[in-house]
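File shown here: structure.cif, holding mmCIF, C-alpha atoms.
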data_model
loop_
_atom_site.label_atom_id
_atom_site.label_comp_id
_atom_site.auth_asym_id
_atom_site.auth_seq_id
_atom_site.Cartn_x
_atom_site.Cartn_y
_atom_site.Cartn_z
CA MET C 1 1.86 -48.49 -18.86
CA ALA C 2 3.83 -49.13 -15.67
CA VAL C 3 1.97 -51.04 -12.96
CA GLN C 4 2.47 -52.05 -9.35
CA GLU C 5 0.96 -55.26 -8.01
CA ALA C 6 -1.04 -55.24 -4.80
CA ALA C 7 -2.84 -58.08 -3.02
CA ASP C 8 -6.07 -56.10 -2.87
CA ALA C 9 -7.41 -52.54 -2.80
CA LEU C 10 -6.51 -51.97 0.86
CA GLU C 11 -2.92 -53.01 0.24
CA GLY C 12 -3.01 -50.82 -2.87
CA ILE C 13 -3.93 -47.80 -0.75
CA GLU C 14 -0.93 -48.42 1.50
CA LEU C 15 1.32 -49.03 -1.50
CA ALA C 16 0.27 -45.65 -2.96
CA TYR C 17 1.41 -44.02 0.28
CA ALA C 18 4.71 -45.88 0.18
CA LEU C 19 5.30 -44.81 -3.42
CA GLY C 20 4.48 -41.15 -2.74
CA TRP C 21 1.44 -41.14 -5.01
CA THR C 22 -1.05 -39.42 -2.70
CA ASP C 23 -1.89 -36.00 -1.30
CA GLY C 24 -1.86 -37.46 2.21
CA LEU C 25 -5.36 -38.90 1.97
CA PRO C 26 -6.11 -42.47 0.84
CA ALA C 27 -6.25 -42.80 -2.94
CA VAL C 28 -8.37 -45.29 -4.87
CA PRO C 29 -6.11 -47.74 -6.72
CA ALA C 30 -6.47 -47.19 -10.47
CA THR C 31 -6.60 -50.19 -12.82
CA GLU C 32 -7.07 -50.72 -16.53
CA ALA C 33 -10.70 -51.57 -15.90
CA SER C 34 -11.36 -48.49 -13.77
CA ILE C 35 -9.89 -45.95 -16.22
CA ARG C 36 -11.68 -47.33 -19.31
CA PRO C 37 -15.04 -45.62 -18.54
CA PHE C 38 -13.16 -42.32 -18.29
CA PHE C 39 -11.93 -42.75 -21.87
CA ASP C 40 -15.51 -43.52 -22.90
CA ALA C 41 -16.73 -40.29 -21.27
CA VAL C 42 -14.67 -38.00 -23.54
CA THR C 43 -13.96 -37.62 -27.23
CA LEU C 44 -10.20 -37.16 -26.93
CA PRO C 45 -7.88 -40.17 -27.35
CA PRO C 46 -5.91 -41.43 -24.33
CA ASP C 47 -2.57 -40.24 -25.71
CA HIS C 48 -3.78 -36.67 -26.34
CA VAL C 49 -1.56 -34.19 -24.49
CA LEU C 50 -3.72 -31.84 -22.42
CA ALA C 51 -1.09 -29.73 -20.72
CA ARG C 52 2.65 -29.26 -20.66
CA MET C 53 4.79 -27.66 -17.99
CA ALA C 54 7.80 -26.36 -19.89
CA THR C 55 9.96 -25.66 -16.85
CA ARG C 56 9.51 -29.19 -15.52
CA GLN C 57 9.45 -30.64 -19.04
CA ARG C 58 6.51 -32.86 -18.24
CA SER C 59 3.20 -33.31 -20.04
CA CYS C 60 -0.18 -34.66 -19.00
CA THR C 61 -2.08 -36.98 -21.33
CA VAL C 62 -5.75 -37.93 -21.13
CA GLU C 63 -4.64 -41.32 -19.83
CA GLN C 64 -2.54 -39.86 -17.00
CA ALA C 65 -5.38 -37.52 -16.08
CA ALA C 66 -7.78 -40.49 -15.98
CA ILE C 67 -5.51 -42.49 -13.65
CA ASN C 68 -5.32 -39.59 -11.22
CA ALA C 69 -9.07 -38.90 -11.50
CA VAL C 70 -9.79 -42.49 -10.49
CA MET C 71 -7.36 -42.15 -7.58
CA ALA C 72 -9.15 -38.94 -6.48
CA GLY C 73 -12.49 -40.77 -6.37
CA CYS C 74 -14.06 -39.20 -9.47
CA LEU C 75 -16.90 -40.67 -11.49
CA PRO C 76 -16.27 -40.91 -15.26
CA GLU C 77 -18.85 -38.23 -16.04
CA TYR C 78 -16.73 -35.68 -14.14
CA PHE C 79 -13.86 -36.18 -16.57
CA PRO C 80 -14.83 -33.53 -19.18
CA VAL C 81 -14.71 -30.89 -16.43
CA ILE C 82 -11.22 -32.00 -15.43
CA LEU C 83 -10.02 -31.85 -19.04
CA ALA C 84 -11.40 -28.32 -19.44
CA ALA C 85 -9.70 -27.25 -16.21
CA LEU C 86 -6.38 -28.67 -17.41
CA GLU C 87 -6.73 -26.85 -20.71
CA ALA C 88 -7.31 -23.64 -18.77
CA MET C 89 -4.33 -24.24 -16.48
CA ASN C 90 -2.19 -24.86 -19.56
CA GLU C 91 -2.74 -21.31 -20.84
CA ASP C 92 0.47 -19.32 -20.55
CA GLY C 93 -1.29 -16.52 -18.69
CA TYR C 94 -2.23 -18.89 -15.87
CA ASN C 95 1.43 -19.64 -15.09
CA PHE C 96 0.81 -23.18 -13.87
CA TYR C 97 4.42 -23.86 -12.90
CA GLY C 98 5.01 -20.57 -11.10
CA SER C 99 1.78 -20.82 -9.13
CA CYS C 100 2.62 -24.35 -7.99
CA ALA C 101 6.29 -23.73 -7.17
CA SER C 102 5.92 -20.44 -5.30
CA THR C 103 6.23 -19.85 -1.56
CA GLY C 104 2.83 -18.15 -1.95
CA GLY C 105 1.06 -21.51 -1.68
CA ALA C 106 -1.59 -21.19 -4.39
CA ALA C 107 -4.41 -23.64 -4.91
CA GLN C 108 -6.29 -24.11 -8.15
CA PHE C 109 -9.68 -22.54 -7.43
CA VAL C 110 -12.19 -24.01 -9.89
CA VAL C 111 -15.63 -22.54 -10.67
CA VAL C 112 -18.01 -24.59 -12.80
CA ASN C 113 -20.88 -22.95 -14.71
CA GLY C 114 -23.69 -24.15 -16.95
CA PRO C 115 -25.85 -27.26 -17.22
CA ILE C 116 -23.07 -29.71 -16.35
CA ARG C 117 -23.26 -28.45 -12.74
CA THR C 118 -26.68 -30.02 -12.31
CA GLN C 119 -25.88 -33.09 -14.43
CA LEU C 120 -22.98 -33.84 -12.06
CA GLU C 121 -25.07 -32.88 -8.99
CA MET C 122 -22.44 -30.36 -7.95
CA ASN C 123 -22.97 -28.31 -4.84
CA SER C 124 -23.41 -24.58 -5.32
CA GLY C 125 -25.31 -24.13 -2.05
CA GLY C 126 -24.47 -24.57 1.62
CA ASN C 127 -20.94 -25.85 2.27
CA CYS C 128 -20.07 -25.21 -1.37
CA TYR C 129 -16.37 -25.19 -0.45
CA GLY C 130 -16.93 -28.51 1.31
CA PRO C 131 -17.29 -31.00 2.72
CA GLY C 132 -19.83 -33.44 1.45
CA ASN C 133 -20.25 -33.34 -2.34
CA ARG C 134 -18.45 -35.95 -4.39
CA ALA C 135 -18.10 -33.94 -7.61
CA ASN C 136 -16.85 -30.76 -5.92
CA ALA C 137 -14.45 -32.70 -3.71
CA THR C 138 -13.00 -35.10 -6.24
CA ILE C 139 -12.73 -32.80 -9.29
CA GLY C 140 -10.59 -30.42 -7.24
CA ARG C 141 -8.64 -33.30 -5.76
CA ALA C 142 -7.97 -34.84 -9.18
CA LEU C 143 -6.32 -31.59 -10.29
CA ARG C 144 -4.12 -31.66 -7.17
CA LEU C 145 -3.13 -35.30 -7.73
CA ILE C 146 -2.28 -34.51 -11.36
CA THR C 147 -0.15 -31.60 -10.14
CA LEU C 148 1.63 -33.83 -7.63
CA ASN C 149 2.00 -37.00 -9.65
CA VAL C 150 2.11 -36.08 -13.33
CA PHE C 151 3.92 -32.77 -13.01
CA GLY C 152 5.93 -33.76 -9.95
CA MET C 153 5.16 -30.58 -8.03
CA GLN C 154 5.90 -32.13 -4.65
CA PRO C 155 5.87 -30.32 -1.29
CA GLY C 156 9.35 -29.56 -0.01
CA THR C 157 11.13 -29.88 -3.34
CA THR C 158 9.35 -28.34 -6.30
CA ASP C 159 6.37 -26.94 -4.34
CA ARG C 160 7.93 -24.49 -1.89
CA SER C 161 4.74 -23.15 -0.26
CA THR C 162 5.56 -21.42 3.01
CA GLN C 163 2.23 -22.46 4.54
CA GLY C 164 -0.07 -23.46 1.68
CA HIS C 165 -3.74 -23.79 2.60
CA ALA C 166 -6.53 -26.34 2.84
CA GLY C 167 -7.73 -25.51 -0.69
CA LYS C 168 -4.64 -27.30 -1.98
CA TYR C 169 -6.41 -30.59 -1.22
CA THR C 170 -9.44 -29.56 -3.26
CA PHE C 171 -11.03 -26.20 -4.13
CA CYS C 172 -13.93 -26.53 -6.55
CA ILE C 173 -17.41 -25.03 -6.51
CA ALA C 174 -20.30 -24.50 -8.91
CA GLU C 175 -21.95 -21.11 -9.27
CA ASN C 176 -25.44 -20.99 -7.77
CA GLU C 177 -26.97 -19.72 -10.98
CA GLU C 178 -30.47 -20.49 -9.74
CA ALA C 179 -30.08 -18.22 -6.69
CA SER C 180 -28.25 -15.47 -8.57
CA PRO C 181 -30.22 -12.38 -9.61
CA TRP C 182 -27.72 -11.77 -12.40
CA GLU C 183 -26.19 -13.41 -15.48
CA PRO C 184 -23.98 -16.40 -14.70
CA TRP C 185 -20.24 -15.85 -14.81
CA HIS C 186 -19.68 -17.88 -18.01
CA VAL C 187 -22.33 -15.87 -19.89
CA GLU C 188 -20.57 -12.67 -18.84
CA GLN C 189 -17.41 -14.19 -20.34
CA GLY C 190 -19.14 -14.69 -23.71
CA PHE C 191 -20.26 -18.33 -23.48
CA ALA C 192 -23.81 -19.40 -24.34
CA PRO C 193 -26.17 -19.86 -21.36
CA ASP C 194 -26.57 -23.54 -22.24
CA ALA C 195 -22.82 -24.09 -22.54
CA SER C 196 -20.82 -25.32 -19.59
CA ALA C 197 -17.54 -23.71 -18.64
CA VAL C 198 -14.74 -24.07 -16.13
CA THR C 199 -12.75 -21.20 -14.66
CA VAL C 200 -9.42 -21.70 -12.91
CA TYR C 201 -7.77 -19.12 -10.70
CA ALA C 202 -4.51 -19.49 -8.77
CA ALA C 203 -5.80 -18.67 -5.34
CA ASP C 204 -5.11 -17.98 -1.71
CA ALA C 205 -7.59 -19.21 0.88
CA PRO C 206 -11.09 -17.67 1.16
CA HIS C 207 -11.56 -14.78 3.61
CA ASN C 208 -14.97 -14.64 5.26
CA ILE C 209 -17.09 -11.51 4.58
CA GLN C 210 -19.55 -11.74 7.44
CA ASN C 211 -22.35 -9.18 7.40
CA HIS C 212 -25.64 -10.07 9.06
CA ILE C 213 -26.78 -6.54 9.83
CA SER C 214 -26.68 -4.29 6.76
CA GLN C 215 -30.09 -3.65 5.30
CA SER C 216 -28.78 -1.97 2.16
CA GLY C 217 -26.69 -3.14 -0.76
CA GLU C 218 -24.16 -0.43 -0.09
CA GLY C 219 -23.70 -1.69 3.47
CA ILE C 220 -22.88 -5.13 2.11
CA LEU C 221 -20.43 -3.72 -0.41
CA TYR C 222 -18.72 -1.52 2.18
CA CYS C 223 -17.88 -4.70 4.09
CA VAL C 224 -16.86 -6.55 0.89
CA ALA C 225 -14.52 -3.76 -0.21
CA ASP C 226 -12.94 -3.50 3.24
CA THR C 227 -12.15 -7.23 3.15
CA VAL C 228 -10.76 -7.01 -0.39
CA ALA C 229 -8.57 -4.11 0.75
CA GLY C 230 -7.10 -6.08 3.68
CA LEU C 231 -3.40 -5.37 3.97
CA GLY C 232 -2.23 -8.97 4.32
CA ALA C 233 -3.34 -10.01 0.85
CA PHE C 234 -3.17 -6.56 -0.74
CA SER C 235 -1.58 -6.43 -4.18
CA SER C 236 -2.29 -5.44 -7.77
CA GLY C 237 -3.40 -9.02 -8.49
CA GLN C 238 -6.88 -10.19 -9.44
CA SER C 239 -9.70 -10.97 -6.99
CA ALA C 240 -12.54 -13.42 -6.64
CA VAL C 241 -15.66 -12.45 -4.72
CA VAL C 242 -18.22 -15.16 -3.99
CA LEU C 243 -21.48 -13.57 -2.86
CA THR C 244 -23.86 -15.58 -0.76
CA PRO C 245 -27.46 -15.58 -2.07
CA GLU C 246 -28.65 -13.47 0.87
CA HIS C 247 -26.18 -10.69 0.07
CA ALA C 248 -26.82 -11.01 -3.68
CA GLN C 249 -30.58 -10.66 -3.25
CA LEU C 250 -30.23 -7.58 -1.06
CA LEU C 251 -27.90 -6.02 -3.62
CA ALA C 252 -30.27 -6.81 -6.51
CA ARG C 253 -33.22 -5.39 -4.55
CA ASP C 254 -31.32 -2.10 -4.31
CA GLY C 255 -30.61 -2.07 -8.04
CA TRP C 256 -26.99 -3.20 -8.03
CA THR C 257 -25.75 -5.07 -11.10
CA LYS C 258 -22.57 -7.10 -11.45
CA ALA C 259 -20.99 -4.15 -13.30
CA THR C 260 -21.83 -1.60 -10.61
CA ILE C 261 -20.79 -4.01 -7.86
CA ARG C 262 -17.41 -4.51 -9.48
CA ALA C 263 -16.99 -0.78 -9.98
CA TYR C 264 -17.79 -0.11 -6.30
CA ILE C 265 -15.40 -2.79 -5.03
CA TYR C 266 -12.56 -1.60 -7.25
CA GLU C 267 -13.10 2.03 -6.25
CA HIS C 268 -13.23 1.31 -2.51
CA ALA C 269 -10.72 -1.56 -2.21
CA ARG C 270 -7.74 0.74 -1.92
CA ARG C 271 -4.96 1.61 0.53
CA SER C 272 -2.87 4.70 0.93
CA VAL C 273 0.78 4.44 -0.01
CA ALA C 274 1.49 5.39 3.60
CA ASP C 275 -0.41 2.29 4.79
CA LEU C 276 1.38 0.12 2.26
CA LYS C 277 4.73 1.38 3.54
CA ARG C 278 3.80 1.00 7.22
CA GLY C 279 2.59 -2.53 6.58
CA GLY C 280 5.62 -3.71 4.63
CA LYS C 281 3.85 -3.92 1.29
CA THR C 282 6.09 -1.44 -0.42
CA GLU C 283 9.52 -0.04 0.36
CA GLY C 284 10.53 3.36 1.65
CA GLU C 285 9.85 5.88 4.40
CA VAL C 286 6.39 7.43 4.56
CA GLN C 287 6.34 10.79 2.78
CA PRO C 288 3.68 13.50 3.36
CA ASP C 289 1.96 12.84 0.02
CA ASP C 290 1.72 9.12 0.78
CA GLU C 291 -1.24 9.67 3.12
CA THR C 292 -3.37 10.95 0.25
CA THR C 293 -2.02 8.78 -2.58
CA PHE C 294 -3.92 5.54 -3.06
CA ARG C 295 -3.37 2.18 -4.73
CA HIS C 296 -6.33 0.00 -5.74
CA ARG C 297 -6.46 -3.77 -5.67
CA GLY C 298 -6.15 -5.07 -9.24
CA ASN C 299 -6.02 -3.20 -12.53
CA GLY C 300 -9.74 -2.41 -12.77
CA PRO C 301 -13.27 -3.68 -12.08
CA ASP C 302 -12.96 -6.50 -14.64
CA ASP C 303 -10.21 -8.05 -12.55
CA ILE C 304 -12.91 -9.22 -10.13
CA LEU C 305 -14.30 -12.72 -10.67
CA LEU C 306 -17.82 -12.29 -9.24
CA VAL C 307 -20.10 -15.28 -8.68
CA VAL C 308 -22.95 -16.29 -6.39
CA ALA C 309 -22.64 -19.44 -4.26
CA GLY C 310 -23.60 -20.61 -0.81
CA GLY C 311 -26.61 -21.63 1.23
CA ASP C 312 -29.92 -19.80 1.33
CA ALA C 313 -29.39 -18.64 4.90
CA GLY C 314 -26.51 -16.69 6.38
CA GLY C 315 -24.67 -13.47 5.71
CA HIS C 316 -21.35 -15.06 4.74
CA SER C 317 -19.77 -14.14 1.43
CA SER C 318 -16.07 -14.61 0.71
CA PHE C 319 -13.10 -12.94 -0.89
CA ILE C 320 -10.38 -15.07 -2.48
CA PRO C 321 -7.16 -13.19 -3.22
CA SER C 322 -5.04 -14.20 -6.16
CA TRP C 323 -1.75 -15.96 -5.52
CA SER C 324 -0.17 -13.51 -7.92
CA ARG C 325 0.85 -10.17 -6.47
CA GLY C 326 0.62 -8.65 -9.94
CA ARG C 327 -0.03 -10.03 -13.38
CA ASN C 328 1.96 -13.26 -12.99
CA SER C 329 -1.19 -15.36 -13.08
CA ILE C 330 -4.46 -14.46 -14.76
CA ARG C 331 -7.66 -16.52 -14.35
CA GLN C 332 -8.71 -18.60 -17.37
CA THR C 333 -12.09 -19.90 -18.52
CA LYS C 334 -12.66 -22.79 -20.95
CA GLU C 335 -15.79 -24.40 -22.31
CA VAL C 336 -16.44 -28.01 -21.35
CA GLN C 337 -16.25 -29.42 -24.85
CA TRP C 338 -14.81 -32.91 -24.78
CA ALA C 339 -17.77 -34.76 -23.30
CA ALA C 340 -18.88 -37.83 -25.25
CA THR C 341 -22.51 -37.12 -24.31
CA ASP C 342 -24.52 -33.93 -24.81
CA THR C 343 -23.96 -31.61 -21.86
CA ARG C 344 -26.39 -28.91 -22.97
CA MET P 345 -6.85 -62.02 -6.72
CA THR P 346 -4.18 -59.36 -7.01
CA ILE P 347 -4.73 -55.96 -8.60
CA GLN P 348 -2.45 -54.23 -11.08
CA MET P 349 -2.25 -50.59 -10.02
CA LEU P 350 -1.51 -48.07 -12.74
CA ASP P 351 1.36 -45.66 -12.16
CA PRO P 352 -0.01 -42.09 -11.96
CA THR P 353 3.32 -40.31 -12.28
CA GLY P 354 4.45 -38.34 -15.30
CA THR P 355 7.37 -38.93 -17.58
CA ASP P 356 10.39 -36.71 -17.20
CA GLU P 357 11.06 -35.50 -20.74
CA ARG P 358 14.32 -33.75 -19.93
CA ARG P 359 17.28 -34.53 -22.10
CA GLU P 360 20.65 -34.97 -20.52
CA THR P 361 22.45 -31.67 -20.11
CA ARG P 362 25.93 -30.92 -18.93
CA MET P 363 27.50 -28.14 -16.94
CA ALA P 364 29.42 -25.60 -19.00
CA ALA P 365 33.17 -26.14 -19.08
CA ARG P 366 35.13 -24.37 -16.34
CA ASP P 367 38.64 -23.08 -16.81
CA GLY P 368 38.98 -22.01 -13.17
CA LYS P 369 39.99 -18.43 -13.90
CA LEU P 370 37.87 -15.32 -13.45
CA ALA P 371 40.56 -12.68 -14.05
CA GLY P 372 39.59 -10.45 -16.97
CA LYS P 373 36.23 -12.20 -17.46
CA ARG P 374 32.96 -10.39 -18.13
CA LEU P 375 30.44 -11.12 -15.36
CA GLY P 376 26.66 -11.05 -15.76
CA LEU P 377 24.43 -10.79 -12.70
CA MET P 378 20.81 -11.78 -13.27
CA THR P 379 18.32 -11.18 -10.46
CA ASN P 380 14.89 -12.75 -10.34
CA GLY P 381 13.12 -9.46 -9.70
CA LYS P 382 12.38 -10.00 -6.01
CA THR P 383 13.05 -7.31 -3.43
CA ASN P 384 16.59 -8.18 -2.36
CA GLY P 385 17.88 -10.04 -5.39
CA GLU P 386 19.81 -7.14 -6.83
CA ALA P 387 21.37 -6.21 -3.46
CA LEU P 388 22.53 -9.80 -3.00
CA LEU P 389 24.04 -10.03 -6.46
CA GLN P 390 25.68 -6.61 -6.27
CA ALA P 391 27.48 -7.80 -3.14
CA VAL P 392 28.57 -10.97 -4.96
CA GLY P 393 29.76 -8.89 -7.92
CA THR P 394 31.77 -6.56 -5.68
CA LEU P 395 33.49 -9.47 -3.96
CA LEU P 396 34.30 -11.21 -7.24
CA MET P 397 35.67 -7.99 -8.70
CA GLU P 398 37.89 -7.38 -5.64
CA ARG P 399 39.21 -10.91 -5.48
CA TYR P 400 39.57 -11.85 -9.13
CA GLY P 401 39.78 -8.68 -11.20
CA LEU P 402 36.83 -9.04 -13.56
CA SER P 403 36.85 -6.89 -16.68
CA SER P 404 33.19 -5.84 -16.47
CA ILE P 405 29.88 -6.45 -14.73
CA VAL P 406 26.43 -6.35 -16.34
CA VAL P 407 23.36 -6.43 -14.06
CA LEU P 408 20.01 -7.59 -15.35
CA ASP P 409 16.65 -7.94 -13.64
CA LYS P 410 14.38 -10.53 -15.26
CA HIS P 411 11.43 -8.91 -13.42
CA ASP P 412 9.19 -11.96 -13.18
CA ALA P 413 10.36 -14.28 -10.43
CA SER P 414 7.84 -16.98 -11.21
CA ARG P 415 8.76 -17.51 -14.87
CA PRO P 416 11.98 -18.46 -16.63
CA ALA P 417 13.98 -15.63 -18.20
CA PRO P 418 12.58 -14.99 -21.70
CA ASP P 419 14.81 -15.90 -24.64
CA LYS P 420 15.15 -12.27 -25.69
CA VAL P 421 16.55 -11.42 -22.24
CA LEU P 422 19.10 -14.22 -22.48
CA ASP P 423 19.92 -13.29 -26.07
CA TRP P 424 20.71 -9.76 -24.88
CA LEU P 425 22.69 -10.83 -21.82
CA LEU P 426 24.78 -13.76 -22.96
CA PRO P 427 26.89 -12.10 -25.69
CA GLN P 428 28.05 -9.59 -23.08
CA CYS P 429 29.22 -12.16 -20.55
CA ASP P 430 31.67 -14.99 -20.07
CA VAL P 431 30.16 -15.94 -16.70
CA VAL P 432 26.65 -15.40 -15.30
CA VAL P 433 25.56 -15.62 -11.67
CA THR P 434 21.85 -15.77 -10.98
CA ALA P 435 20.15 -15.61 -7.60
CA ILE P 436 16.85 -15.34 -5.81
CA GLY P 437 16.70 -12.72 -3.07
CA ASP P 438 13.37 -12.45 -1.30
#
Can you present the structure in this file as structure tokens?
Amino acid sequence: MAVQEAADALEGIELAYALGWTDGLPAVPATEASIRPFFDAVTLPPDHVLARMATRQRSCTVEQAAINAVMAGCLPEYFPVILAALEAMNEDGYNFYGSCASTGGAAQFVVVNGPIRTQLEMNSGGNCYGPGNRANATIGRALRLITLNVFGMQPGTTDRSTQGHAGKYTFCIAENEEASPWEPWHVEQGFAPDASAVTVYAADAPHNIQNHISQSGEGILYCVADTVAGLGAFSSGQSAVVLTPEHAQLLARDGWTKATIRAYIYEHARRSVADLKRGGKTEGEVQPDDETTFRHRGNGPDDILLVVAGGDAGGHSSFIPSWSRGRNSIRQTKEVQWAATDTR
Amino acid sequence: MTIQMLDPTGTDERRETRMAARDGKLAGKRLGLMTNGKTNGEALLQAVGTLLMERYGLSSIVVLDKHDASRPAPDKVLDWLLPQCDVVVTAIGD
């Protein structure tokens, strides 16, 4: 394993900058001693290949992931979540390379479900997107450092994001299963309630869905669907909707389920072809029929990743558009299964 | 006491590749134009094809859209295209 010598940790931080090993924030110098507990935290051997980017012809081993996790500030017990996320990003449908290289500026949005959320003391409440929680912040950051360092997806050369967004530093939350009136996301996806799972989604930045006034579930959803239908991010790609507990509880009170919520959003998150042409989303002159011909966001209700997260006060939900404008990247969910200790 | 910092970068697994041989002549050659599927890719390549035809007298032009700009062209697309061409120009047009 290649090493660089530094006088101490502070000099190591500066050396990492000089060598181009950081995301712009200080990185913890990784040493043999500091990565060893990460190997102990998982059942896979250090040389196991977790992910491969065919276009770049680079692979990520458990060892390389551990080095970058240390640099991100992770604790060893976070490591099984990082491995599951990498497995998910390695699925062909996720299109890891394309999502990292594109001008679209995708981040890896990570949602953690199941008991490991509480074991790692992840934040699913107020400020779930950050700042403040070590697990949320450093798990997301580790995936970015792996993308930068192991896969070499560097801004300006192989990462051609036009603007990018702040989620490219870190973008990881846990679902607030305790505040949700419905089944957790991973159970909907077929995992056992006592299993833990990680979902990755190549994502734009969150759009606020602020609604402090509606006193009915339909009022909340009207505002959600209008945000999801916004022209700037409109496409046939997937969606993520993160409902705040206040909105979720109002919806549940009025009898809405996750299935009926998804159906409502899909039905109402639509634009006329005329609008799409006026707004530069599709080519051509507006024709008379275009005013009454509609396109929906996504392929159907199941394209909507729907979770509950956020603080117990405030009418702020969020919509996260997919990076993909079509089917180029599809969200992936994997069970957290490489932990050396019982996570159930 | 000094610290030994581990290198977090990945290994480039690419094997050495070489550019295809050039004979410097386009006259009579079969040209393939492969767009990446973005909005203006085909328009850009059609213009390139027209200029090459006018200047060098190509024997034929085949245009192909690989549809998915964010992924490499699938093998079956290349297998279809390459036997029909002596020269291929590919471009991104966004």
Translate the PyMOL selection byres ((chain C) within 6 of (chain P)) into a concrete residue list for this structure, as a ChimeraX atom specification. /C:2-8,29-31,57-58,67-68,98,149-150
Write out as a list in words which residues come within 7 Å of region 384-393 of chain P when counting all atoms listed in the file, dropping same-chain ones fewer than 3 positions away.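 Counting all atoms listed in the file, the residues come to Leu377, Thr379, Asn380, Gly381, Leu396, Met397, Ala435, Ile436, Gly437 and Asp438 of chain P.
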Residues within 12 Å of region 333-344 of chain C, all atoms listed in the file, excluding chain neighbours under 4 positions, as a PyMOL selection string: chain C and resi 37-45+48+50+62+76-91+93-94+109-120+185-201+305
Given the choices C:Cys128, C:Cys74, C:Asn208, C:Gly105, which gets closest to Ala166 (chain C) if the distance is worked out from all atoms listed in the file?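 Closest to Ala166 (chain C) of all the choices is C:Gly105.
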I would like the residues chosen by the PyMOL selection byres ((chain C and resi 146-148) around 10) on the shown file; could you give them as a VMD selection string? (chain C and resid 20 to 23 60 64 to 69 71 to 72 86 96 to 97 100 108 141 to 145 149 to 155 158 to 159) or (chain P and resid 352 to 354)
Quick one: distance from CA of Arg297 (chain C) to CA of Ile173 (chain C) in Å, one decimal? 23.9 Å
What gap, in Å, lies between CA of Lys373 (chain P) and CA of Val406 (chain P)?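 Interatomic distance, CA of Lys373 (chain P) to CA of Val406 (chain P): 11.5 Å.
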Nearby residues (only C-alpha atoms) at most 6 Å from Met378 (chain P), same-chain spacing under 5 positions excluded, as a list in words: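 The filter keeps Val407, Leu408, Asp409 and Thr434 of chain P.
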Could you tell me which residues the PyMOL selection byres ((chain P and resi 400) around 10) returns for this structure, as JSON, numbers by chain? {"P": [369, 370, 371, 372, 373, 395, 396, 397, 398, 399, 401, 402, 403]}
In Å, how far is it from CA of Asp423 (chain P) to CA of Gly376 (chain P)?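 Straight-line distance from CA of Asp423 (chain P) to CA of Gly376 (chain P) works out to 12.5 Å.
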The centre and edge lengths of an axis-aligned box containing all atoms of region 371-386 of chain P present in the file, extended by 3 Å on each side, are to be given in Å to one decimal, as JSON.
{"center_x": 26.5, "center_y": -9.9, "center_z": -10.2, "size_x": 34.2, "size_y": 11.6, "size_z": 21.8}
Could you add whatever atoms are missing so that region 244-255 of chain C carries N, CA and C atoms, then write the result as a PDB file, keeping the file's coordinate frame?
ATOM      1  N   THR C 244     -22.836 -14.648  -1.207  1.00  0.00           N
ATOM      2  CA  THR C 244     -23.860 -15.580  -0.760  1.00  0.00           C
ATOM      3  C   THR C 244     -25.224 -15.098  -1.279  1.00  0.00           C
ATOM      4  N   PRO C 245     -26.171 -16.004  -1.513  1.00  0.00           N
ATOM      5  CA  PRO C 245     -27.460 -15.580  -2.070  1.00  0.00           C
ATOM      6  C   PRO C 245     -28.136 -14.462  -1.274  1.00  0.00           C
ATOM      7  N   GLU C 246     -28.002 -14.505   0.050  1.00  0.00           N
ATOM      8  CA  GLU C 246     -28.650 -13.470   0.870  1.00  0.00           C
ATOM      9  C   GLU C 246     -28.097 -12.077   0.536  1.00  0.00           C
ATOM     10  N   HIS C 247     -26.785 -11.971   0.436  1.00  0.00           N
ATOM     11  CA  HIS C 247     -26.180 -10.690   0.070  1.00  0.00           C
ATOM     12  C   HIS C 247     -26.557 -10.302  -1.361  1.00  0.00           C
ATOM     13  N   ALA C 248     -26.526 -11.289  -2.262  1.00  0.00           N
ATOM     14  CA  ALA C 248     -26.820 -11.010  -3.680  1.00  0.00           C
ATOM     15  C   ALA C 248     -28.238 -10.479  -3.840  1.00  0.00           C
ATOM     16  N   GLN C 249     -29.176 -11.084  -3.108  1.00  0.00           N
ATOM     17  CA  GLN C 249     -30.580 -10.660  -3.250  1.00  0.00           C
ATOM     18  C   GLN C 249     -30.815  -9.257  -2.700  1.00  0.00           C
ATOM     19  N   LEU C 250     -30.117  -8.936  -1.618  1.00  0.00           N
ATOM     20  CA  LEU C 250     -30.230  -7.580  -1.060  1.00  0.00           C
ATOM     21  C   LEU C 250     -29.650  -6.555  -2.046  1.00  0.00           C
ATOM     22  N   LEU C 251     -28.527  -6.911  -2.637  1.00  0.00           N
ATOM     23  CA  LEU C 251     -27.900  -6.020  -3.620  1.00  0.00           C
ATOM     24  C   LEU C 251     -28.823  -5.821  -4.839  1.00  0.00           C
ATOM     25  N   ALA C 252     -29.397  -6.910  -5.335  1.00  0.00           N
ATOM     26  CA  ALA C 252     -30.270  -6.810  -6.510  1.00  0.00           C
ATOM     27  C   ALA C 252     -31.515  -5.981  -6.180  1.00  0.00           C
ATOM     28  N   ARG C 253     -32.035  -6.163  -4.971  1.00  0.00           N
ATOM     29  CA  ARG C 253     -33.220  -5.390  -4.550  1.00  0.00           C
ATOM     30  C   ARG C 253     -32.934  -3.887  -4.632  1.00  0.00           C
ATOM     31  N   ASP C 254     -31.698  -3.519  -4.292  1.00  0.00           N
ATOM     32  CA  ASP C 254     -31.320  -2.100  -4.310  1.00  0.00           C
ATOM     33  C   ASP C 254     -30.798  -1.645  -5.666  1.00  0.00           C
ATOM     34  N   GLY C 255     -30.931  -2.494  -6.677  1.00  0.00           N
ATOM     35  CA  GLY C 255     -30.610  -2.070  -8.040  1.00  0.00           C
ATOM     36  C   GLY C 255     -29.168  -2.271  -8.467  1.00  0.00           C
TER      37      GLY C 255
END
